[in-house]
Amino acid sequence: MLEFQHVTFQYDSEDFNIIDDLSFTVEPEEFISIIGISGCGKSTIFKLTNGLLKRKSGNIFLNGQDIAAVKHAAGYMPQKDLLFPWRTIEKNLCLPMEIAKIPQAEQTQRVADILKEVGLSDYAAKYPKDLSGGMRQRISFARTLLTDADLLLLDEPFSALDALTRISMQEWLLNQWQHFHKTIMFITHDVEEAIFMSSKIYLVKQTPIHELEVLNVPMDYPRNRNDMGRPDIVELKEYLIDQLRRQVII
Amino acid sequence: MRKYLPPLILFFLLLIGWQALALGINAAYILPTPIQVIQKLWELREPLFMVHLPATMSVTFIGLGISIVLGLALAIVMDMHEGVRRTLYPLVIASQTIPTTAIAPLFVLWFGYSIWSKVLVTVLMTFFPITITVYDGFQSTKREMEELMLSFNASKMDIFMKLKLPNALPYFFSAIKMAIPISIIGAAIGEWLGAQSGLGYFSKRMLTQLDGAGVFAPIVLLSAVAMIIVAIIGIIERIAIPWRKEL
């Protein structure tokens, strides 16, 4: 589905390529996590994928087509929910559809449907300030779904949530993923989160990023938290932590 | 109600201080007491409220209206085109270095005693805070929100209309609240330097008659009107943008 072919990128403010001849693929309807230390270039991969940054060289293909030519290639969900405080929840959800010039009646119908899916039908007329952190992230995810993209880029969406909300949001997101059959690329710092959520983990081992080490998570869906204590999973967790600790400079 | 108590106490303390000082000086043509000013306001209520206040308010509102249109237009073009910003910004700053009291008599020469000489003074004084504050509002848009819009394939116009414009609304209200007292001062300066009606003109006329309370009465009236209008704008702001603190 998504294919990076020898992609190189450099920020104007830096004198080296933060992404250097990087190639990797993501299969359709997969849930993969990209894990790496802060500032290693994970978000740069997302910004290249959704066209916010222009690559220096190489190609990015989505379903065999150059991603720049694909309309609504990827839906992007940032770390902060970034709901517009002057818009009601309904109007926040309409935003990607307004930009795509979808007729008003269809917008209203699709918002009603998605609110039902995320369990927040009663909040359509509320403002973001009236919602809890977890609810806001659910709305932010719903807004990402309404971009109509099959590929969703979730950039540390739960990092600002408290531990308990975070756990329930992880389980909620897995259910949504299985329901909507989307391809999800998920950035996180949290090793446990990456293991629990994804079928594969793409580990950033160094910056500049030349390659991503792909690790399969040996667990089936639906996931069970009790499996996190299995010896093979603990071994995977320790390997990931060890690899990340080697890169951390205190 | 509790929150209004400290400013009310301070206000009454200042009034008491003023009253004591004026009684000490004991020369109403230099410093009248607040009671004398209130008495004068009552005595002159008809010319003050029926003739001179409407004249000053006409100048204020026409000047403010022109300043809002001009200030918004300048802020929008400066935000949209970096080249335009670089060209206009020094000119906008330069306009504020002109001493208003020195140039206002020139406006009287150009426009006579008509309303437009006073309106021009008001515009010259008020378009600047509106332009700069609203421009800052556009510029304060969060980069990450813009990136989110871009990820939805938003055009420049989409970003302006759906993000920058609502984001700048609190700044717009701040600009208006700043501009109202300045526009009233501008109108009064214009009238002081050349007019046949208005509170500035009235105050100057009273000065020539050495009527201290008569000088102060229109000034007090202007302050009260400015405070009332700013309070009304504050109420409109609270209704229009209840999300202000969420930004």
# chains A, B, ... in the order shown; residues from 1 in each chain; ligands from 1

call {"tool": "closest_atom_pairs", "arguments": {"of": "chain B", "to": "chain A", "cutoff": "9 Å", "atoms": "only C-alpha atoms", "output": "tab-separated table"}}
result
residue	atom	partner	partner_atom	distance
B:Glu144	CA	A:Leu82	CA	7.9
B:Met145	CA	A:Leu82	CA	6.4
B:Glu147	CA	A:Leu52	CA	7.1
B:Leu148	CA	A:Tyr76	CA	7.1
B:Met149	CA	A:Pro96	CA	7.9
B:Leu150	CA	A:Leu52	CA	7.2
B:Ser151	CA	A:Asn50	CA	6.2
B:Phe152	CA	A:Pro96	CA	5.6
B:Asn153	CA	A:Ile99	CA	7.2
B:Ala154	CA	A:Ile99	CA	5.9
B:Ser155	CA	A:Ile99	CA	8.1
B:Asp158	CA	A:Ile99	CA	7.0
B:Lys162	CA	A:Leu95	CA	8.6
B:Leu163	CA	A:Phe84	CA	8.1
B:Pro166	CA	A:Trp86	CA	7.2
B:Asn167	CA	A:Trp86	CA	8.4
B:Ile241	CA	A:Trp86	CA	7.3
B:Pro242	CA	A:Trp86	CA	8.2
B:Trp243	CA	A:Pro85	CA	5.8
B:Arg244	CA	A:Pro85	CA	8.2
B:Glu246	CA	A:Pro85	CA	6.2
B:Leu247	CA	A:Pro85	CA	7.0

call {"tool": "write_last_selection", "arguments": {"atoms": "C-alpha atoms", "output": "short mmCIF file (atom, residue, chain, number, x, y, z; two decimals), in the first residue's frame"}}
result
data_model
loop_
_atom_site.label_atom_id
_atom_site.label_comp_id
_atom_site.auth_asym_id
_atom_site.auth_seq_id
_atom_site.Cartn_x
_atom_site.Cartn_y
_atom_site.Cartn_z
CA GLU B 144 0.24 22.93 13.90
CA MET B 145 -3.36 24.01 13.20
CA GLU B 147 -0.50 22.00 9.14
CA LEU B 148 -3.68 20.15 10.06
CA MET B 149 -5.62 22.27 7.57
CA LEU B 150 -2.96 21.62 4.91
CA SER B 151 -3.26 17.89 5.57
CA PHE B 152 -6.95 18.31 4.63
CA ASN B 153 -5.79 19.90 1.33
CA ALA B 154 -6.98 23.34 2.46
CA SER B 155 -6.35 26.30 0.14
CA ASP B 158 -9.68 28.08 3.45
CA LYS B 162 -11.72 28.97 8.65
CA LEU B 163 -8.64 29.38 10.84
CA PRO B 166 -11.72 33.28 13.86
CA ASN B 167 -8.33 33.00 15.57
CA ILE B 241 -16.28 34.62 21.58
CA PRO B 242 -16.93 32.60 24.75
CA TRP B 243 -14.03 30.33 23.68
CA ARG B 244 -11.46 33.13 24.03
CA GLU B 246 -9.34 28.18 24.98
CA LEU B 247 -6.88 29.57 22.43
#

call {"tool": "residues_around", "arguments": {"residues": "segment 25-39 of chain A", "least_positions_apart": "3", "cutoff": "7 Å", "atoms": "only C-alpha atoms", "output": "list in words"}}
result
Met1, Leu2, Glu3, Phe4, Lys42, His181, Lys182, Thr183, Ile184, Met185, Phe186, Ile187, Thr188, His189, Ala194, Ser198, Ser199, Lys200, Ile201, Tyr202, Leu203, Val204 and Leu244 of chain A

call {"tool": "select_by_dssp", "arguments": {"residues": "segment 73-217 of chain B", "states": "helix (DSSP H, G or I)", "output": "compact mmCIF listing (two decimals) with N, CA and C atoms, in the first residue's frame"}}
result
# COMPACT_ATOMS: atom_id res chain seq x y z
N ALA B 73 -8.19 45.96 6.45
CA ALA B 73 -7.67 45.76 5.08
C ALA B 73 -6.15 45.68 5.11
N LEU B 74 -5.52 46.58 5.84
CA LEU B 74 -4.05 46.59 5.92
C LEU B 74 -3.54 45.30 6.57
N ALA B 75 -4.20 44.90 7.67
CA ALA B 75 -3.76 43.68 8.38
C ALA B 75 -3.88 42.46 7.47
N ILE B 76 -4.97 42.40 6.71
CA ILE B 76 -5.19 41.24 5.82
C ILE B 76 -4.13 41.19 4.72
N VAL B 77 -3.90 42.32 4.05
CA VAL B 77 -2.91 42.28 2.95
C VAL B 77 -1.50 42.05 3.49
N MET B 78 -1.21 42.60 4.68
CA MET B 78 0.12 42.38 5.26
C MET B 78 0.31 40.92 5.64
N ASP B 79 -0.76 40.27 6.07
CA ASP B 79 -0.66 38.85 6.44
C ASP B 79 -0.53 37.97 5.20
N MET B 80 -1.23 38.36 4.13
CA MET B 80 -1.26 37.49 2.94
C MET B 80 0.00 37.60 2.10
N GLU B 82 3.99 38.79 2.11
CA GLU B 82 5.16 39.23 2.85
C GLU B 82 5.74 40.52 2.23
N GLY B 83 5.72 40.58 0.90
CA GLY B 83 6.26 41.76 0.20
C GLY B 83 5.47 43.01 0.56
N VAL B 84 4.14 42.87 0.61
CA VAL B 84 3.28 44.01 0.97
C VAL B 84 3.58 44.43 2.41
N ARG B 85 3.75 43.44 3.29
CA ARG B 85 4.05 43.75 4.69
C ARG B 85 5.34 44.56 4.81
N ARG B 86 6.37 44.09 4.08
CA ARG B 86 7.66 44.80 4.14
C ARG B 86 7.53 46.22 3.61
N THR B 87 6.66 46.42 2.63
CA THR B 87 6.48 47.74 2.04
C THR B 87 5.67 48.66 2.96
N LEU B 88 4.58 48.11 3.50
CA LEU B 88 3.63 48.95 4.24
C LEU B 88 4.04 49.22 5.69
N TYR B 89 4.68 48.23 6.30
CA TYR B 89 4.93 48.32 7.74
C TYR B 89 5.66 49.61 8.15
N PRO B 90 6.77 49.98 7.45
CA PRO B 90 7.46 51.21 7.85
C PRO B 90 6.57 52.45 7.71
N LEU B 91 5.70 52.41 6.68
CA LEU B 91 4.81 53.54 6.44
C LEU B 91 3.78 53.67 7.57
N VAL B 92 3.27 52.52 7.99
CA VAL B 92 2.29 52.49 9.09
C VAL B 92 2.94 53.03 10.37
N ILE B 93 4.17 52.59 10.64
CA ILE B 93 4.89 53.07 11.83
C ILE B 93 5.14 54.58 11.70
N ALA B 94 5.57 55.00 10.50
CA ALA B 94 5.88 56.43 10.28
C ALA B 94 4.66 57.30 10.54
N SER B 95 3.47 56.77 10.21
CA SER B 95 2.25 57.56 10.40
C SER B 95 2.04 57.90 11.88
N THR B 100 0.11 64.63 16.27
CA THR B 100 -1.27 64.90 15.85
C THR B 100 -1.65 66.36 16.07
N THR B 101 -1.28 66.91 17.23
CA THR B 101 -1.70 68.29 17.54
C THR B 101 -1.04 69.29 16.58
N ALA B 102 0.10 68.89 16.01
CA ALA B 102 0.77 69.79 15.07
C ALA B 102 0.14 69.74 13.69
N ILE B 103 -0.32 68.54 13.32
CA ILE B 103 -0.84 68.39 11.94
C ILE B 103 -2.34 68.68 11.85
N ALA B 104 -3.04 68.58 13.00
CA ALA B 104 -4.49 68.77 12.97
C ALA B 104 -4.91 70.15 12.43
N PRO B 105 -4.22 71.26 12.79
CA PRO B 105 -4.63 72.54 12.21
C PRO B 105 -4.56 72.56 10.69
N LEU B 106 -3.63 71.76 10.16
CA LEU B 106 -3.51 71.66 8.71
C LEU B 106 -4.77 71.02 8.11
N PHE B 107 -5.31 70.03 8.83
CA PHE B 107 -6.54 69.38 8.35
C PHE B 107 -7.69 70.38 8.33
N VAL B 108 -7.67 71.32 9.31
CA VAL B 108 -8.73 72.34 9.34
C VAL B 108 -8.59 73.22 8.11
N LEU B 109 -7.32 73.51 7.72
CA LEU B 109 -7.09 74.31 6.52
C LEU B 109 -7.61 73.58 5.28
N TRP B 110 -7.39 72.26 5.24
CA TRP B 110 -7.79 71.47 4.07
C TRP B 110 -9.30 71.28 4.01
N PHE B 111 -9.90 70.95 5.17
CA PHE B 111 -11.32 70.56 5.16
C PHE B 111 -12.24 71.58 5.82
N ILE B 115 -16.87 68.21 9.46
CA ILE B 115 -16.61 67.04 10.30
C ILE B 115 -15.33 66.31 9.87
N TRP B 116 -14.96 66.41 8.59
CA TRP B 116 -13.89 65.57 8.04
C TRP B 116 -12.51 65.90 8.57
N SER B 117 -12.27 67.15 8.98
CA SER B 117 -10.96 67.47 9.56
C SER B 117 -10.79 66.71 10.88
N LYS B 118 -11.87 66.60 11.66
CA LYS B 118 -11.81 65.88 12.94
C LYS B 118 -11.76 64.36 12.73
N VAL B 119 -12.51 63.92 11.71
CA VAL B 119 -12.51 62.48 11.40
C VAL B 119 -11.10 62.03 11.01
N LEU B 120 -10.43 62.87 10.24
CA LEU B 120 -9.08 62.53 9.79
C LEU B 120 -8.12 62.38 10.98
N VAL B 121 -8.25 63.28 11.96
CA VAL B 121 -7.41 63.19 13.17
C VAL B 121 -7.68 61.85 13.86
N THR B 122 -8.97 61.52 13.99
CA THR B 122 -9.36 60.27 14.66
C THR B 122 -8.79 59.06 13.92
N VAL B 123 -8.93 59.06 12.58
CA VAL B 123 -8.43 57.93 11.79
C VAL B 123 -6.92 57.79 11.95
N LEU B 124 -6.23 58.94 11.88
CA LEU B 124 -4.77 58.92 12.00
C LEU B 124 -4.33 58.29 13.33
N MET B 125 -5.12 58.52 14.37
CA MET B 125 -4.73 58.01 15.69
C MET B 125 -5.17 56.56 15.93
N THR B 126 -6.24 56.11 15.25
CA THR B 126 -6.80 54.80 15.64
C THR B 126 -6.52 53.66 14.66
N PHE B 127 -6.21 53.96 13.40
CA PHE B 127 -6.04 52.82 12.48
C PHE B 127 -4.82 52.00 12.85
N PHE B 128 -3.81 52.64 13.47
CA PHE B 128 -2.57 51.95 13.79
C PHE B 128 -2.77 50.81 14.80
N PRO B 129 -3.37 51.07 15.99
CA PRO B 129 -3.55 49.93 16.90
C PRO B 129 -4.41 48.82 16.32
N ILE B 130 -5.39 49.20 15.48
CA ILE B 130 -6.24 48.16 14.88
C ILE B 130 -5.41 47.31 13.91
N THR B 131 -4.66 47.97 13.04
CA THR B 131 -3.85 47.25 12.05
C THR B 131 -2.88 46.29 12.74
N ILE B 132 -2.11 46.83 13.67
CA ILE B 132 -1.04 46.03 14.28
C ILE B 132 -1.61 44.89 15.13
N THR B 133 -2.65 45.18 15.89
CA THR B 133 -3.20 44.13 16.76
C THR B 133 -3.85 43.01 15.95
N VAL B 134 -4.62 43.38 14.93
CA VAL B 134 -5.28 42.34 14.12
C VAL B 134 -4.23 41.55 13.33
N TYR B 135 -3.22 42.25 12.83
CA TYR B 135 -2.14 41.55 12.12
C TYR B 135 -1.47 40.54 13.05
N ASP B 136 -1.21 40.95 14.29
CA ASP B 136 -0.64 40.03 15.28
C ASP B 136 -1.57 38.83 15.50
N GLY B 137 -2.87 39.09 15.48
CA GLY B 137 -3.85 38.00 15.63
C GLY B 137 -3.73 36.98 14.51
N PHE B 138 -3.60 37.47 13.27
CA PHE B 138 -3.42 36.54 12.14
C PHE B 138 -2.13 35.74 12.31
N GLN B 139 -1.08 36.45 12.73
CA GLN B 139 0.23 35.80 12.85
C GLN B 139 0.31 34.82 14.03
N ARG B 143 0.98 27.06 14.20
CA ARG B 143 1.54 26.40 13.02
C ARG B 143 0.92 24.99 12.85
N GLU B 144 0.75 24.30 13.99
CA GLU B 144 0.24 22.93 13.90
C GLU B 144 -1.22 22.89 13.39
N MET B 145 -1.99 23.95 13.72
CA MET B 145 -3.36 24.01 13.20
C MET B 145 -3.34 24.24 11.69
N GLU B 146 -2.40 25.07 11.25
CA GLU B 146 -2.25 25.31 9.81
C GLU B 146 -1.85 24.02 9.11
N GLU B 147 -0.94 23.28 9.74
CA GLU B 147 -0.50 22.00 9.14
C GLU B 147 -1.66 21.01 9.06
N LEU B 148 -2.51 21.02 10.08
CA LEU B 148 -3.68 20.15 10.06
C LEU B 148 -4.57 20.50 8.87
N MET B 149 -4.80 21.82 8.70
CA MET B 149 -5.62 22.27 7.57
C MET B 149 -4.97 21.86 6.24
N LEU B 150 -3.65 22.01 6.15
CA LEU B 150 -2.96 21.62 4.91
C LEU B 150 -3.10 20.12 4.66
N SER B 151 -3.10 19.34 5.75
CA SER B 151 -3.26 17.89 5.57
C SER B 151 -4.66 17.54 5.05
N LYS B 156 -5.24 28.43 0.53
CA LYS B 156 -4.85 29.60 1.32
C LYS B 156 -6.10 30.32 1.84
N MET B 157 -7.13 30.36 0.99
CA MET B 157 -8.38 31.03 1.37
C MET B 157 -9.09 30.26 2.48
N ASP B 158 -9.08 28.91 2.38
CA ASP B 158 -9.68 28.08 3.45
C ASP B 158 -9.00 28.38 4.78
N ILE B 159 -7.66 28.41 4.74
CA ILE B 159 -6.89 28.63 5.98
C ILE B 159 -7.22 30.01 6.55
N PHE B 160 -7.36 30.99 5.67
CA PHE B 160 -7.66 32.33 6.15
C PHE B 160 -9.06 32.40 6.75
N MET B 161 -10.04 31.90 6.01
CA MET B 161 -11.44 32.05 6.43
C MET B 161 -11.80 31.15 7.62
N LYS B 162 -11.28 29.94 7.63
CA LYS B 162 -11.72 28.97 8.65
C LYS B 162 -10.79 28.92 9.85
N LEU B 163 -9.58 29.46 9.72
CA LEU B 163 -8.64 29.38 10.84
C LEU B 163 -8.16 30.77 11.29
N LYS B 164 -7.55 31.49 10.36
CA LYS B 164 -6.91 32.75 10.79
C LYS B 164 -7.93 33.80 11.24
N LEU B 165 -9.03 33.89 10.50
CA LEU B 165 -10.03 34.92 10.83
C LEU B 165 -10.65 34.69 12.21
N PRO B 166 -11.19 33.48 12.49
CA PRO B 166 -11.72 33.28 13.86
C PRO B 166 -10.64 33.38 14.93
N ASN B 167 -9.42 32.93 14.60
CA ASN B 167 -8.33 33.00 15.57
C ASN B 167 -7.99 34.45 15.93
N ALA B 168 -8.20 35.37 14.97
CA ALA B 168 -7.85 36.78 15.20
C ALA B 168 -8.97 37.57 15.87
N LEU B 169 -10.15 36.95 16.04
CA LEU B 169 -11.29 37.67 16.62
C LEU B 169 -11.00 38.27 18.01
N PRO B 170 -10.39 37.50 18.93
CA PRO B 170 -10.08 38.11 20.24
C PRO B 170 -9.16 39.33 20.10
N TYR B 171 -8.24 39.27 19.17
CA TYR B 171 -7.33 40.40 18.93
C TYR B 171 -8.12 41.59 18.38
N PHE B 172 -9.10 41.29 17.53
CA PHE B 172 -9.92 42.35 16.95
C PHE B 172 -10.67 43.09 18.06
N PHE B 173 -11.25 42.32 18.99
CA PHE B 173 -11.98 42.96 20.08
C PHE B 173 -11.04 43.79 20.96
N SER B 174 -9.84 43.27 21.20
CA SER B 174 -8.86 44.04 21.99
C SER B 174 -8.53 45.34 21.27
N ALA B 175 -8.37 45.24 19.95
CA ALA B 175 -8.04 46.44 19.16
C ALA B 175 -9.15 47.47 19.27
N ILE B 176 -10.40 47.00 19.19
CA ILE B 176 -11.54 47.93 19.27
C ILE B 176 -11.58 48.60 20.64
N LYS B 177 -11.35 47.79 21.69
CA LYS B 177 -11.39 48.36 23.04
C LYS B 177 -10.28 49.40 23.25
N MET B 178 -9.16 49.17 22.58
CA MET B 178 -8.07 50.14 22.64
C MET B 178 -8.41 51.38 21.83
N ALA B 179 -9.03 51.15 20.66
CA ALA B 179 -9.25 52.23 19.70
C ALA B 179 -10.35 53.20 20.16
N ILE B 180 -11.33 52.71 20.94
CA ILE B 180 -12.46 53.57 21.33
C ILE B 180 -11.99 54.80 22.13
N PRO B 181 -11.24 54.62 23.23
CA PRO B 181 -10.80 55.83 23.96
C PRO B 181 -9.90 56.72 23.09
N ILE B 182 -9.06 56.08 22.27
CA ILE B 182 -8.16 56.88 21.41
C ILE B 182 -8.98 57.68 20.41
N SER B 183 -10.03 57.07 19.86
CA SER B 183 -10.83 57.78 18.85
C SER B 183 -11.57 58.95 19.50
N ILE B 184 -11.99 58.78 20.75
CA ILE B 184 -12.67 59.88 21.45
C ILE B 184 -11.67 61.02 21.71
N ILE B 185 -10.46 60.64 22.10
CA ILE B 185 -9.42 61.66 22.31
C ILE B 185 -9.14 62.38 20.98
N GLY B 186 -9.05 61.58 19.90
CA GLY B 186 -8.79 62.14 18.57
C GLY B 186 -9.86 63.15 18.17
N ALA B 187 -11.12 62.76 18.41
CA ALA B 187 -12.23 63.65 18.06
C ALA B 187 -12.14 64.93 18.89
N ALA B 188 -11.85 64.79 20.18
CA ALA B 188 -11.78 65.97 21.06
C ALA B 188 -10.61 66.89 20.66
N ILE B 189 -9.47 66.28 20.29
CA ILE B 189 -8.32 67.11 19.85
C ILE B 189 -8.70 67.89 18.59
N GLY B 190 -9.34 67.17 17.65
CA GLY B 190 -9.77 67.81 16.41
C GLY B 190 -10.69 68.98 16.69
N GLU B 191 -11.63 68.77 17.61
CA GLU B 191 -12.60 69.84 17.94
C GLU B 191 -11.92 70.98 18.68
N TRP B 192 -10.98 70.64 19.50
CA TRP B 192 -10.24 71.65 20.27
C TRP B 192 -9.53 72.61 19.32
N LEU B 193 -9.01 72.03 18.21
CA LEU B 193 -8.20 72.85 17.30
C LEU B 193 -9.03 73.58 16.24
N LEU B 199 -17.66 68.27 22.17
CA LEU B 199 -17.24 68.44 23.57
C LEU B 199 -15.86 69.07 23.69
N GLY B 200 -14.96 68.78 22.73
CA GLY B 200 -13.63 69.39 22.72
C GLY B 200 -13.74 70.90 22.53
N TYR B 201 -14.58 71.27 21.56
CA TYR B 201 -14.83 72.70 21.28
C TYR B 201 -15.44 73.38 22.52
N PHE B 202 -16.39 72.69 23.16
CA PHE B 202 -17.09 73.26 24.31
C PHE B 202 -16.11 73.49 25.47
N SER B 203 -15.23 72.51 25.67
CA SER B 203 -14.25 72.60 26.75
C SER B 203 -13.33 73.80 26.52
N LYS B 204 -12.92 73.99 25.26
CA LYS B 204 -12.02 75.12 24.95
C LYS B 204 -12.74 76.45 25.19
N ARG B 205 -14.01 76.48 24.81
CA ARG B 205 -14.78 77.72 25.00
C ARG B 205 -14.90 78.07 26.48
N MET B 206 -15.09 77.08 27.30
CA MET B 206 -15.20 77.30 28.76
C MET B 206 -13.86 77.80 29.33
N LEU B 207 -12.76 77.32 28.71
CA LEU B 207 -11.43 77.73 29.18
C LEU B 207 -11.24 79.23 28.97
N THR B 208 -11.71 79.69 27.82
CA THR B 208 -11.55 81.13 27.55
C THR B 208 -12.37 81.97 28.54
N GLY B 212 -13.57 76.75 35.23
CA GLY B 212 -12.90 75.46 35.50
C GLY B 212 -13.86 74.29 35.44
N ALA B 213 -15.00 74.40 36.11
CA ALA B 213 -15.98 73.30 36.12
C ALA B 213 -16.51 73.06 34.71
N GLY B 214 -16.66 74.13 33.94
CA GLY B 214 -17.14 74.03 32.55
C GLY B 214 -16.12 73.32 31.66
N VAL B 215 -14.83 73.47 31.98
CA VAL B 215 -13.78 72.77 31.22
C VAL B 215 -13.83 71.28 31.55
N PHE B 216 -14.01 71.00 32.86
CA PHE B 216 -13.97 69.61 33.30
C PHE B 216 -15.23 68.82 32.92
N ALA B 217 -16.37 69.49 32.88
CA ALA B 217 -17.64 68.76 32.66
C ALA B 217 -17.62 67.95 31.35

call {"tool": "atom_distance", "arguments": {"atom1": "atom CA of Ile62 of chain B", "atom2": "atom CA of Val225 of chain B"}}
result
16.0 Å

call {"tool": "closest_residue", "arguments": {"among": "A:Glu106, A:Asp122, A:Asp130, A:Asp148", "to": "Val70 of chain A", "atoms": "only C-alpha atoms"}}
result
A:Asp148

call {"tool": "atom_distance", "arguments": {"atom1": "atom CA of Pro231 of chain A", "atom2": "atom CA of Val217 of chain A"}}
result
12.5 Å

call {"tool": "residues_around", "arguments": {"residues": "Cys40 of chain A", "least_positions_apart": "4", "cutoff": "9 Å", "atoms": "only C-alpha atoms", "output": "number ranges by chain"}}
result
A: 18, 36, 44, 204-209

call {"tool": "write_last_selection", "arguments": {"atoms": "N, CA and C atoms", "output": "PDB file, in the first residue's frame"}}
result
ATOM      1  N   ILE A  18      18.116  14.333   7.466  1.00  0.00           N
ATOM      2  CA  ILE A  18      17.549  13.622   8.625  1.00  0.00           C
ATOM      3  C   ILE A  18      16.953  12.276   8.173  1.00  0.00           C
ATOM      4  N   GLY A  36      10.797   5.420  18.336  1.00  0.00           N
ATOM      5  CA  GLY A  36      12.154   5.973  18.333  1.00  0.00           C
ATOM      6  C   GLY A  36      12.229   7.071  19.369  1.00  0.00           C
ATOM      7  N   THR A  44       8.854  13.448  10.886  1.00  0.00           N
ATOM      8  CA  THR A  44       9.259  13.860   9.530  1.00  0.00           C
ATOM      9  C   THR A  44       8.754  12.846   8.502  1.00  0.00           C
ATOM     10  N   VAL A 204      13.241   2.981  14.858  1.00  0.00           N
ATOM     11  CA  VAL A 204      14.263   3.922  14.374  1.00  0.00           C
ATOM     12  C   VAL A 204      15.499   3.710  15.244  1.00  0.00           C
ATOM     13  N   LYS A 205      16.585   3.217  14.624  1.00  0.00           N
ATOM     14  CA  LYS A 205      17.768   2.873  15.427  1.00  0.00           C
ATOM     15  C   LYS A 205      18.804   3.980  15.432  1.00  0.00           C
ATOM     16  N   GLN A 206      18.704   4.884  14.475  1.00  0.00           N
ATOM     17  CA  GLN A 206      19.684   5.974  14.436  1.00  0.00           C
ATOM     18  C   GLN A 206      19.154   7.143  13.618  1.00  0.00           C
ATOM     19  N   THR A 207      19.731   8.302  13.879  1.00  0.00           N
ATOM     20  CA  THR A 207      19.444   9.495  13.070  1.00  0.00           C
ATOM     21  C   THR A 207      20.779   9.949  12.483  1.00  0.00           C
ATOM     22  N   PRO A 208      20.858  10.238  11.208  1.00  0.00           N
ATOM     23  CA  PRO A 208      19.839  10.195  10.168  1.00  0.00           C
ATOM     24  C   PRO A 208      19.248   8.788   9.987  1.00  0.00           C
ATOM     25  N   ILE A 209      17.970   8.771   9.561  1.00  0.00           N
ATOM     26  CA  ILE A 209      17.288   7.480   9.416  1.00  0.00           C
ATOM     27  C   ILE A 209      17.630   6.880   8.051  1.00  0.00           C
TER      28      ILE A 209
END

call {"tool": "decode", "arguments": {"residues": "segment 111-135 of chain A", "atoms": "C-alpha atoms", "output": "CSV table (one decimal), in the first residue's frame"}}
result
chain,number,residue,atom,x,y,z
A,111,VAL,CA,-21.2,13.5,11.1
A,112,ALA,CA,-24.2,11.9,12.7
A,113,ASP,CA,-23.0,8.4,11.6
A,114,ILE,CA,-19.5,8.9,12.9
A,115,LEU,CA,-20.6,10.4,16.2
A,116,LYS,CA,-22.7,7.3,16.7
A,117,GLU,CA,-19.6,5.1,15.9
A,118,VAL,CA,-17.4,6.9,18.4
A,119,GLY,CA,-20.2,6.9,21.0
A,120,LEU,CA,-20.5,10.7,21.3
A,121,SER,CA,-23.9,11.4,19.6
A,122,ASP,CA,-25.0,13.6,22.4
A,123,TYR,CA,-22.1,16.0,22.0
A,124,ALA,CA,-22.7,17.3,18.5
A,125,ALA,CA,-23.8,20.7,19.6
A,126,LYS,CA,-21.2,21.0,22.4
A,127,TYR,CA,-17.9,22.9,22.2
A,128,PRO,CA,-14.5,21.2,22.6
A,129,LYS,CA,-14.1,22.8,26.1
A,130,ASP,CA,-17.1,20.8,27.3
A,131,LEU,CA,-15.3,17.4,26.5
A,132,SER,CA,-12.8,15.4,28.5
A,133,GLY,CA,-9.3,14.7,27.1
A,134,GLY,CA,-10.3,11.2,26.0
A,135,MET,CA,-13.5,12.4,24.3
